[in-house]
2 protein chains.
Amino acid sequence: MGKHYDELTARMAEVIDLNHAESLLNWDQETYMPAGGAMARSHHLGTLSKVTHDMAVAPAIGRLIKAAAKEQDVTKSAVKSAMLREAKRGYDRSKKLPSDFVAEMSRTRSQAQQVWIKARQASDFKQFAPWLKKNLDFARRAADYFGWQDHPYDALLDVYEPGMKSAEVKAIFANLRNQTVPLVHAIARAAAHVSDACLSGHFAKEAQQAFAEDVSRKIGYDYARGRLDYTAHPFCTNFSRDDVRITTRADESFYNTLFFSVLHEAGHGMYEQGIAPAFDRTPLGGGASLGLHESQSRLWENLVGRSRAFWQHFYPQLQEHLPHFKDVPLDVFYGAINKVEPSLIRIEADELTYNMHIFTRFELELALLEGSLKVKDLPEAWRAKYQSYLGITPPNDALGCLQDIHWSIGLIGYFPTYTLGNIISVQLLDKIKRDIPDLDGQIARGEFGALLGWLNKNIHQHGRCFPPTELIKRATGQSLTAAPYVAYLTGKFSEIYGLADEKSNPTH
Amino acid sequence: MGKHYDELTARMAEVIDLNHAESLLNWDQETYMPAGGAMARSHHLGTLSKVTHDMAVAPAIGRLIKAAAKEQDVTKSAVKSAMLREAKRGYDRSKKLPSDFVAEMSRTRSQAQQVWIKARQASDFKQFAPWLKKNLDFARRAADYFGWQDHPYDALLDVYEPGMKSAEVKAIFANLRNQTVPLVHAIARAAAHVSDACLSGHFAKEAQQAFAEDVSRKIGYDYARGRLDYTAHPFCTNFSRDDVRITTRADESFYNTLFFSVLHEAGHGMYEQGIAPAFDRTPLGGGASLGLHESQSRLWENLVGRSRAFWQHFYPQLQEHLPHFKDVPLDVFYGAINKVEPSLIRIEADELTYNMHIFTRFELELALLEGSLKVKDLPEAWRAKYQSYLGITPPNDALGCLQDIHWSIGLIGYFPTYTLGNIISVQLLDKIKRDIPDLDGQIARGEFGALLGWLNKNIHQHGRCFPPTELIKRATGQSLTAAPYVAYLTGKFSEIYGLADEKSNPTH
């Protein structure tokens, strides 16, 4: 009884071990690997991904999945059924990719990333263009291998956001754009209301890091099962629920960069650290989708970390760490970290214009994948989109289309999940506030246990037990909806920019 | 022509990629892994080593080795023949170990190391004893799988020092002991001649590291293809010739710890960095034996780094980095770093008594492996040996039998290579001084290019092209001999301790 299921999970555990080994090689490549190690690392990753892929698509796994599906203790157990569903989903997808293709793609990505780092440093898109072409070609071929109906992008998006289609994303984004653009315009007219001048100055990296570590620890990121390092592009990765690492980057002249990326990545980290221990080394370990993952990072970064209550508690401590803020009143600081202003760098964008960065990338990805946009024309297309959505134009490619790591490591179809995460984060917060009416009071007292407990109970622990849409419905009682997100943005920024007055006095 | 050979090397390259991935997992475990990650890491390593082992012993490799041996362009090429010899050596050995045994051994070692770290911190041998028992059991079973004639130890030693037998080691060690013990006694009578008081004080870790990095860079360790980190036990590891990492540990109250371990590990590192690029991802990449590897680390640490010429050049720079030394004359410093004194910690021992630490471990390993010494009796046996060889007794196990990492990660049969390395290092130096008569002058001017060039040309670049005994003979014109080493020790320490007087005046 359960014999095939047990054999299947033992095999899956080994595949996952190798996936995690691969993740560590990637982590090292971005943190500590000396420059000379790049070529060898691409070989390590190529071989490891090929071997892992071969194990994952072994015919025996296909047979075991079929056989286990008939075992009584599997059909009767919701968790075991979910495990089988995820094993099958992974197997069916992996089986479609030839192992040489996987090895070659992995090697190429590893090399492309190294080129991207240099190209970005030199702000020279031409260096990176041939590699982006290769990655796009791999993405197209992968989409064809996976199979698709309406658009090849659907096959890629499904990897990150199971079940979601690009047409749905287009509709959600169009709706969100329509509902938030008037707000952006209203804010533009009231721009003088808020200044973020206080966020510039000299902030020693060590002091920034000490405070950010302190705060991330207090909200619940566990450093005994994690660590913080520096990379060109902040990220979170994990090799089990008990080894979940985050990274950040420092800007000694601008406060937001380090602090909010630590909160963001710690949000991802707490998700992984909160998954049920029983799901470690199984296909249920890991977040339900990237959108859900991003809902956690954005919840901590923005909904908590850019709230007034949060800084009522932490601002005196920040002032101790960085005396620069001693003469800055809390209200001024609160306005500053919430200033809405078109800007060039996605990960430093405010909550409202952030989505414009995503719309840009999503539309360009679609065009690149379709071939309606040529790689060599990307910098120009990027500048045009930024001009159109945000009214600004990057002066160079480092601040333009070279800023994100994603395309360099082949993550195409990934960007929309950021905005989906924003939407989900507020949908969750809406329900949390009904379940914990005193949430703001708790945050203002530096108490995060009930909030993290709610997230653990309703989201984290379940890992991939439920498909993302079902998990959202179970947690909030509703299907995915952007309504709470729009209401949140309108309410928060109307207050900060005094827009209620504008509305009540339309002759202004 | 060469078809089988090419296929063989392509397969070997993949096996080596995975070996290097495993090495990175080990490096991370000892440098940056959070405590919580230990259990998962043991799974990663267990699975990875099993998969690697399965690839290494695939029947196809056996067939290819046989087929390639008949290919003309292989038999005609010394390098290709050597490649085949090493491929066969690895294959024959790996084939003898069942893959489940390998996975279980790897998992156990990873866990044992974690226990050792805690046991050492708590100075509690009892915590570690059950794990040492497991590692010994694996070692015994491995020796039986490999096969042996005279002593199971031979099967283990052969892994690290190809072709060497424990009986030979016993003979070499007995001879060395007989020839150096009178010198130790003579020095004991002249102990007052040298003080190392100046090496104690407060030395900020950052200043120590900056100087050690600077020196290691100047002697030729390439940081673009390497890096320096901190671990409980210093080591050198590599994932290609272009990613060779060293570690050290810091003691802020004692100067020698950090500096000399950096020189030592940089010596290992320069060996790996100097291997011919064509040997990367082949069985010829890597040092010829551990004894030869150790000859490089000890050459830089002791023969260069503890020489008068070396400090004639570097002492003023040290005084800049650590003002503590401003009032210490060079002669006093030179005596201090060469003080001979029985001590408890192997890696901090002076050149002369160092070998006594090795004799101890070698004899205890033999006894543990034979079963004539029980694990539970190890601390007592350790204390007895230290009393007998060095006249001192460790006050606790952290300073006694828990001090070294080796047994915790299953390295049994490894220790003798340290003393073999000492012997080889001086045999090489002897020849180098004949080839570069101005060596001391160059070192005193801070010029290390000719020395490193000699080592590159005669040792490093060859990788595993020649068996260790042959490589020594090619480089020096002689078989392995301890005579130069004994002469070196006698000459150097007689001068430092003024023993020439004693000899010429035997009535003292």
# chains A, B, ... in the order shown; residues from 1 in each chain; ligands from 1
call {"tool": "interface_residues", "arguments": {"of": "chain A", "to": "chain B", "cutoff": "7 Å", "atoms": "only C-alpha atoms", "output": "mmCIF file with C-alpha atoms, in the first residue's frame"}}
result
data_model
loop_
_atom_site.group_PDB
_atom_site.id
_atom_site.type_symbol
_atom_site.label_atom_id
_atom_site.label_comp_id
_atom_site.auth_asym_id
_atom_site.auth_seq_id
_atom_site.Cartn_x
_atom_site.Cartn_y
_atom_site.Cartn_z
ATOM 1 C CA GLU A 14 16.792 13.283 -5.151
ATOM 2 C CA ASP A 17 18.330 17.800 -3.916
ATOM 3 C CA LEU A 18 20.039 18.386 -7.260
ATOM 4 C CA ALA A 21 22.543 22.123 -5.459
ATOM 5 C CA PRO A 34 35.722 35.236 -8.431
ATOM 6 C CA ALA A 35 35.545 36.576 -11.978
ATOM 7 C CA GLY A 36 37.828 33.803 -13.244
ATOM 8 C CA GLY A 37 35.320 31.151 -12.230
ATOM 9 C CA ALA A 40 33.882 26.686 -15.289
ATOM 10 C CA HIS A 43 30.049 23.918 -17.238
ATOM 11 C CA HIS A 44 29.066 22.937 -13.696
ATOM 12 C CA THR A 47 26.180 19.329 -16.541
ATOM 13 C CA LEU A 48 24.220 19.472 -13.304
ATOM 14 C CA ALA A 224 19.525 30.894 11.893
ATOM 15 C CA ARG A 225 17.934 29.561 8.714
ATOM 16 C CA GLY A 226 19.027 32.344 6.415
ATOM 17 C CA ARG A 227 21.576 35.015 5.654
ATOM 18 C CA SER A 240 15.498 23.885 1.873
ATOM 19 C CA ASP A 242 15.875 25.851 6.666
ATOM 20 C CA ASP A 243 18.411 27.523 4.375
#
call {"tool": "residues_around", "arguments": {"residues": "Glu351 (chain A)", "least_positions_apart": "3", "cutoff": "8 Å", "atoms": "only C-alpha atoms", "output": "VMD selection string"}}
result
chain A and resid 302 338 340 354 to 355
call {"tool": "closest_residue", "arguments": {"among": "B:Phe235, B:Trp454, B:Lys96, B:Ala143", "to": "Asn26 (chain B)", "atoms": "only C-alpha atoms"}}
result
B:Phe235
call {"tool": "atom_distance", "arguments": {"atom1": "CA of Ile117 (chain B)", "atom2": "CA of Asp377 (chain B)"}}
result
20.2 Å
call {"tool": "residues_around", "arguments": {"residues": "region 321-336 of chain A", "least_positions_apart": "6", "cutoff": "12 Å", "atoms": "only C-alpha atoms", "output": "JSON, numbers by chain"}}
result
{"A": [191, 192, 193, 194, 195, 196, 197, 198, 199, 200, 201, 202, 203, 204, 205, 206, 207, 208, 209, 210, 211, 212, 213, 214, 215, 252, 253, 254, 255, 256, 302, 305, 306, 307, 308, 309, 310, 311, 312, 313, 314, 315, 350, 492, 493, 494, 495, 496, 497, 498]}
call {"tool": "write_last_selection", "arguments": {"atoms": "N, CA and C atoms", "output": "short mmCIF file (atom, residue, chain, number, x, y, z; two decimals), in the first residue's frame"}}
result
data_model
loop_
_atom_site.label_atom_id
_atom_site.label_comp_id
_atom_site.auth_asym_id
_atom_site.auth_seq_id
_atom_site.Cartn_x
_atom_site.Cartn_y
_atom_site.Cartn_z
N ALA A 191 2.53 67.55 -7.04
CA ALA A 191 3.87 67.01 -6.75
C ALA A 191 4.58 67.76 -5.63
N ALA A 192 4.38 69.07 -5.58
CA ALA A 192 5.11 69.89 -4.60
C ALA A 192 4.76 69.52 -3.17
N HIS A 193 3.66 68.79 -3.02
CA HIS A 193 3.19 68.40 -1.69
C HIS A 193 4.20 67.54 -0.91
N VAL A 194 4.99 66.78 -1.64
CA VAL A 194 5.87 65.80 -0.99
C VAL A 194 7.29 65.93 -1.54
N SER A 195 8.28 65.91 -0.64
CA SER A 195 9.67 65.92 -1.07
C SER A 195 10.39 64.69 -0.51
N ASP A 196 11.30 64.15 -1.29
CA ASP A 196 12.08 63.03 -0.75
C ASP A 196 13.55 63.44 -0.59
N ALA A 197 13.77 64.72 -0.47
CA ALA A 197 15.15 65.21 -0.34
C ALA A 197 15.86 64.57 0.85
N CYS A 198 15.10 64.29 1.92
CA CYS A 198 15.73 63.76 3.14
C CYS A 198 16.32 62.37 2.94
N LEU A 199 15.95 61.67 1.85
CA LEU A 199 16.46 60.31 1.63
C LEU A 199 17.83 60.30 0.97
N SER A 200 18.29 61.47 0.56
CA SER A 200 19.63 61.56 -0.01
C SER A 200 20.59 62.11 1.04
N GLY A 201 21.83 61.67 0.97
CA GLY A 201 22.82 62.10 1.94
C GLY A 201 23.94 61.09 1.95
N HIS A 202 24.64 60.95 3.07
CA HIS A 202 25.61 59.86 3.16
C HIS A 202 25.19 58.89 4.26
N PHE A 203 24.94 57.65 3.85
CA PHE A 203 24.50 56.62 4.79
C PHE A 203 25.50 55.48 4.72
N ALA A 204 26.30 55.29 5.78
CA ALA A 204 27.32 54.24 5.77
C ALA A 204 26.64 52.88 5.59
N LYS A 205 27.21 52.10 4.70
CA LYS A 205 26.65 50.79 4.38
C LYS A 205 26.44 49.92 5.63
N GLU A 206 27.45 49.93 6.52
CA GLU A 206 27.38 49.08 7.72
C GLU A 206 26.18 49.46 8.58
N ALA A 207 25.95 50.78 8.72
CA ALA A 207 24.83 51.23 9.55
C ALA A 207 23.50 50.88 8.89
N GLN A 208 23.42 51.05 7.59
CA GLN A 208 22.21 50.67 6.87
C GLN A 208 21.94 49.18 7.07
N GLN A 209 23.00 48.38 6.89
CA GLN A 209 22.82 46.94 6.99
C GLN A 209 22.40 46.52 8.40
N ALA A 210 23.03 47.11 9.39
CA ALA A 210 22.71 46.75 10.78
C ALA A 210 21.23 47.00 11.07
N PHE A 211 20.74 48.15 10.64
CA PHE A 211 19.32 48.47 10.89
C PHE A 211 18.40 47.54 10.10
N ALA A 212 18.73 47.32 8.84
CA ALA A 212 17.88 46.47 7.99
C ALA A 212 17.84 45.04 8.53
N GLU A 213 19.00 44.55 8.99
CA GLU A 213 19.03 43.20 9.57
C GLU A 213 18.18 43.14 10.82
N ASP A 214 18.30 44.17 11.61
CA ASP A 214 17.55 44.24 12.85
C ASP A 214 16.04 44.20 12.59
N VAL A 215 15.60 45.04 11.66
CA VAL A 215 14.17 45.10 11.34
C VAL A 215 13.69 43.78 10.74
N GLU A 252 25.15 54.19 -0.87
CA GLU A 252 25.46 54.99 0.31
C GLU A 252 24.92 56.41 0.22
N SER A 253 24.38 56.77 -0.96
CA SER A 253 23.88 58.14 -1.08
C SER A 253 22.35 58.22 -1.10
N PHE A 254 21.69 57.05 -1.07
CA PHE A 254 20.21 57.05 -1.14
C PHE A 254 19.69 55.99 -0.18
N TYR A 255 18.80 56.39 0.73
CA TYR A 255 18.41 55.48 1.79
C TYR A 255 17.61 54.27 1.34
N ASN A 256 16.68 54.45 0.42
CA ASN A 256 15.71 53.38 0.11
C ASN A 256 16.31 52.07 -0.38
N ASN A 302 5.91 47.10 1.14
CA ASN A 302 5.07 48.28 0.94
C ASN A 302 3.93 48.42 1.94
N GLY A 305 5.96 47.98 5.30
CA GLY A 305 7.19 48.77 5.40
C GLY A 305 7.06 50.22 4.98
N ARG A 306 6.04 50.55 4.21
CA ARG A 306 5.82 51.96 3.84
C ARG A 306 4.56 52.51 4.51
N SER A 307 4.15 51.85 5.61
CA SER A 307 2.97 52.34 6.34
C SER A 307 3.40 53.30 7.45
N ARG A 308 2.46 54.15 7.85
CA ARG A 308 2.76 55.10 8.92
C ARG A 308 2.98 54.37 10.26
N ALA A 309 2.15 53.34 10.49
CA ALA A 309 2.24 52.60 11.76
C ALA A 309 3.63 52.00 11.95
N PHE A 310 4.16 51.41 10.87
CA PHE A 310 5.47 50.76 10.91
C PHE A 310 6.55 51.74 11.38
N TRP A 311 6.50 52.94 10.84
CA TRP A 311 7.56 53.90 11.17
C TRP A 311 7.30 54.60 12.50
N GLN A 312 6.04 54.59 12.93
CA GLN A 312 5.80 55.08 14.30
C GLN A 312 6.65 54.25 15.27
N HIS A 313 6.75 52.96 14.98
CA HIS A 313 7.57 52.10 15.84
C HIS A 313 9.06 52.23 15.54
N PHE A 314 9.42 52.14 14.27
CA PHE A 314 10.84 51.98 13.94
C PHE A 314 11.61 53.29 13.74
N TYR A 315 10.89 54.39 13.55
CA TYR A 315 11.63 55.61 13.18
C TYR A 315 12.65 56.04 14.23
N ASP A 350 8.25 53.87 -6.80
CA ASP A 350 7.20 53.94 -5.77
C ASP A 350 6.11 52.94 -6.11
N LYS A 492 -4.52 55.70 -0.04
CA LYS A 492 -3.24 56.06 0.55
C LYS A 492 -2.66 57.33 -0.07
N PHE A 493 -2.66 57.37 -1.39
CA PHE A 493 -1.97 58.50 -2.03
C PHE A 493 -2.83 59.76 -2.09
N SER A 494 -4.15 59.60 -2.03
CA SER A 494 -5.00 60.78 -1.92
C SER A 494 -4.72 61.48 -0.60
N GLU A 495 -4.53 60.68 0.43
CA GLU A 495 -4.25 61.27 1.74
C GLU A 495 -2.88 61.95 1.76
N ILE A 496 -1.87 61.21 1.26
CA ILE A 496 -0.51 61.76 1.29
C ILE A 496 -0.39 63.03 0.45
N TYR A 497 -1.09 63.05 -0.69
CA TYR A 497 -0.99 64.21 -1.58
C TYR A 497 -2.14 65.21 -1.41
N GLY A 498 -2.96 65.01 -0.36
CA GLY A 498 -4.05 65.94 -0.10
C GLY A 498 -5.02 66.04 -1.25
#
call {"tool": "select_by_dssp", "arguments": {"residues": "region 63-222 of chain B", "states": "alpha helix (DSSP H)", "output": "PyMOL selection string"}}
result
chain B and resi 63-68+72-75+78-95+99-122+125-146+152-160+166-189+205-219
call {"tool": "write_last_selection", "arguments": {"atoms": "C-alpha atoms", "output": "short mmCIF file (atom, residue, chain, number, x, y, z; two decimals), in the first residue's frame"}}
result
data_model
loop_
_atom_site.label_atom_id
_atom_site.label_comp_id
_atom_site.auth_asym_id
_atom_site.auth_seq_id
_atom_site.Cartn_x
_atom_site.Cartn_y
_atom_site.Cartn_z
CA ARG B 63 34.43 0.07 -22.24
CA LEU B 64 35.72 3.41 -23.50
CA ILE B 65 38.87 3.14 -21.39
CA LYS B 66 39.62 -0.23 -22.96
CA ALA B 67 38.82 0.93 -26.48
CA ALA B 68 40.75 4.20 -26.18
CA GLN B 72 47.01 5.11 -32.08
CA ASP B 73 46.93 8.78 -31.27
CA VAL B 74 46.52 7.85 -27.60
CA THR B 75 49.38 5.36 -27.40
CA ALA B 78 52.37 10.89 -23.47
CA VAL B 79 49.66 13.27 -22.26
CA LYS B 80 46.79 11.22 -23.62
CA SER B 81 48.32 8.08 -22.16
CA ALA B 82 48.60 9.79 -18.80
CA MET B 83 44.99 10.94 -19.10
CA LEU B 84 43.94 7.38 -19.73
CA ARG B 85 46.04 6.07 -16.84
CA GLU B 86 44.35 8.50 -14.42
CA ALA B 87 40.90 7.80 -15.86
CA LYS B 88 41.50 4.11 -15.33
CA ARG B 89 42.86 4.60 -11.84
CA GLY B 90 39.75 6.56 -10.84
CA TYR B 91 37.37 4.21 -12.57
CA ASP B 92 38.90 1.06 -11.08
CA ARG B 93 38.76 2.55 -7.62
CA SER B 94 35.25 4.02 -7.87
CA LYS B 95 33.85 0.84 -9.37
CA SER B 99 26.78 3.76 -4.99
CA ASP B 100 24.49 3.46 -1.96
CA PHE B 101 27.59 3.08 0.18
CA VAL B 102 29.01 6.27 -1.35
CA ALA B 103 25.79 8.22 -0.78
CA GLU B 104 25.46 7.02 2.80
CA MET B 105 29.13 7.78 3.52
CA SER B 106 28.78 11.27 2.08
CA ARG B 107 25.63 12.02 4.10
CA THR B 108 27.27 10.71 7.26
CA ARG B 109 30.40 12.81 6.75
CA SER B 110 28.36 15.95 6.20
CA GLN B 111 26.46 15.35 9.44
CA ALA B 112 29.56 14.26 11.34
CA GLN B 113 31.24 17.52 10.43
CA GLN B 114 28.38 19.52 11.90
CA VAL B 115 28.55 17.46 15.10
CA TRP B 116 32.32 17.93 15.23
CA ILE B 117 31.93 21.72 15.05
CA LYS B 118 29.60 21.67 18.05
CA ALA B 119 31.63 19.08 19.95
CA ARG B 120 34.77 21.10 19.43
CA GLN B 121 33.07 24.28 20.60
CA ALA B 122 31.86 22.45 23.71
CA PHE B 125 34.48 14.36 22.71
CA LYS B 126 31.50 12.23 23.78
CA GLN B 127 29.24 14.11 21.35
CA PHE B 128 31.56 13.32 18.49
CA ALA B 129 32.55 9.75 19.40
CA PRO B 130 29.57 7.96 17.75
CA TRP B 131 30.20 9.86 14.54
CA LEU B 132 33.92 9.06 14.52
CA LYS B 133 32.92 5.43 14.97
CA LYS B 134 30.69 5.69 11.89
CA ASN B 135 33.43 7.35 9.85
CA LEU B 136 35.94 4.70 10.89
CA ASP B 137 33.50 2.01 9.97
CA PHE B 138 33.06 3.57 6.53
CA ALA B 139 36.85 3.83 6.19
CA ARG B 140 37.30 0.16 7.07
CA ARG B 141 34.60 -0.90 4.65
CA ALA B 142 36.06 1.33 1.94
CA ALA B 143 39.51 -0.21 2.50
CA ASP B 144 37.98 -3.67 2.17
CA TYR B 145 36.16 -2.68 -1.00
CA PHE B 146 39.37 -1.22 -2.46
CA PRO B 152 43.91 -1.78 5.38
CA TYR B 153 45.54 1.63 5.88
CA ASP B 154 47.44 1.13 2.60
CA ALA B 155 44.15 1.19 0.68
CA LEU B 156 43.23 4.56 2.19
CA LEU B 157 46.69 6.13 1.94
CA ASP B 158 46.81 5.26 -1.74
CA VAL B 159 43.89 7.64 -2.36
CA TYR B 160 45.96 10.60 -1.19
CA SER B 166 52.08 2.46 5.39
CA ALA B 167 55.22 0.39 5.97
CA GLU B 168 57.24 2.93 3.93
CA VAL B 169 55.70 5.77 5.91
CA LYS B 170 56.58 4.02 9.17
CA ALA B 171 60.19 3.66 8.06
CA ILE B 172 60.50 7.27 6.85
CA PHE B 173 58.91 8.57 10.05
CA ALA B 174 61.10 6.43 12.32
CA ASN B 175 64.21 7.68 10.55
CA LEU B 176 63.07 11.28 10.74
CA ARG B 177 62.19 10.92 14.41
CA ASN B 178 65.61 9.49 15.21
CA GLN B 179 67.40 12.26 13.38
CA THR B 180 65.42 15.18 14.76
CA VAL B 181 64.72 14.24 18.38
CA PRO B 182 68.32 15.05 19.46
CA LEU B 183 67.88 18.47 17.85
CA VAL B 184 64.63 19.04 19.77
CA HIS B 185 66.40 18.15 23.00
CA ALA B 186 69.32 20.43 22.25
CA ILE B 187 66.91 23.26 21.55
CA ALA B 188 65.06 22.56 24.79
CA ARG B 189 68.32 23.17 26.66
CA LYS B 205 41.54 41.13 12.22
CA GLU B 206 41.08 43.62 9.36
CA ALA B 207 44.71 44.77 9.55
CA GLN B 208 45.96 41.19 9.69
CA GLN B 209 43.83 40.26 6.71
CA ALA B 210 44.88 43.29 4.65
CA PHE B 211 48.56 42.48 5.13
CA ALA B 212 48.14 38.75 4.51
CA GLU B 213 46.15 39.42 1.33
CA ASP B 214 48.75 41.85 0.18
CA VAL B 215 51.61 39.40 0.73
CA SER B 216 49.76 36.45 -0.81
CA ARG B 217 49.02 38.58 -3.88
CA LYS B 218 52.67 39.60 -4.16
CA ILE B 219 53.99 36.05 -4.01
#
call {"tool": "residues_around", "arguments": {"residues": "Leu390 (chain B)", "least_positions_apart": "4", "cutoff": "9 Å", "atoms": "only C-alpha atoms", "output": "ChimeraX atom specification"}}
result
/B:341-344,353,356-357,385-386
call {"tool": "atom_distance", "arguments": {"atom1": "CA of Arg11 (chain B)", "atom2": "CA of Pro277 (chain B)"}}
result
18.2 Å
call {"tool": "atom_distance", "arguments": {"atom1": "CA of Trp148 (chain B)", "atom2": "CA of Ser23 (chain B)"}}
result
28.0 Å
call {"tool": "residues_around", "arguments": {"residues": "Pro467 (chain B)", "least_positions_apart": "6", "cutoff": "9 Å", "atoms": "only C-alpha atoms", "output": "ChimeraX atom specification"}}
result
/B:162-163,288-289
call {"tool": "closest_residue", "arguments": {"among": "A:Lys165, A:Arg434, A:Arg249, A:His264", "to": "Pro416 (chain A)", "atoms": "only C-alpha atoms"}}
result
A:Lys165
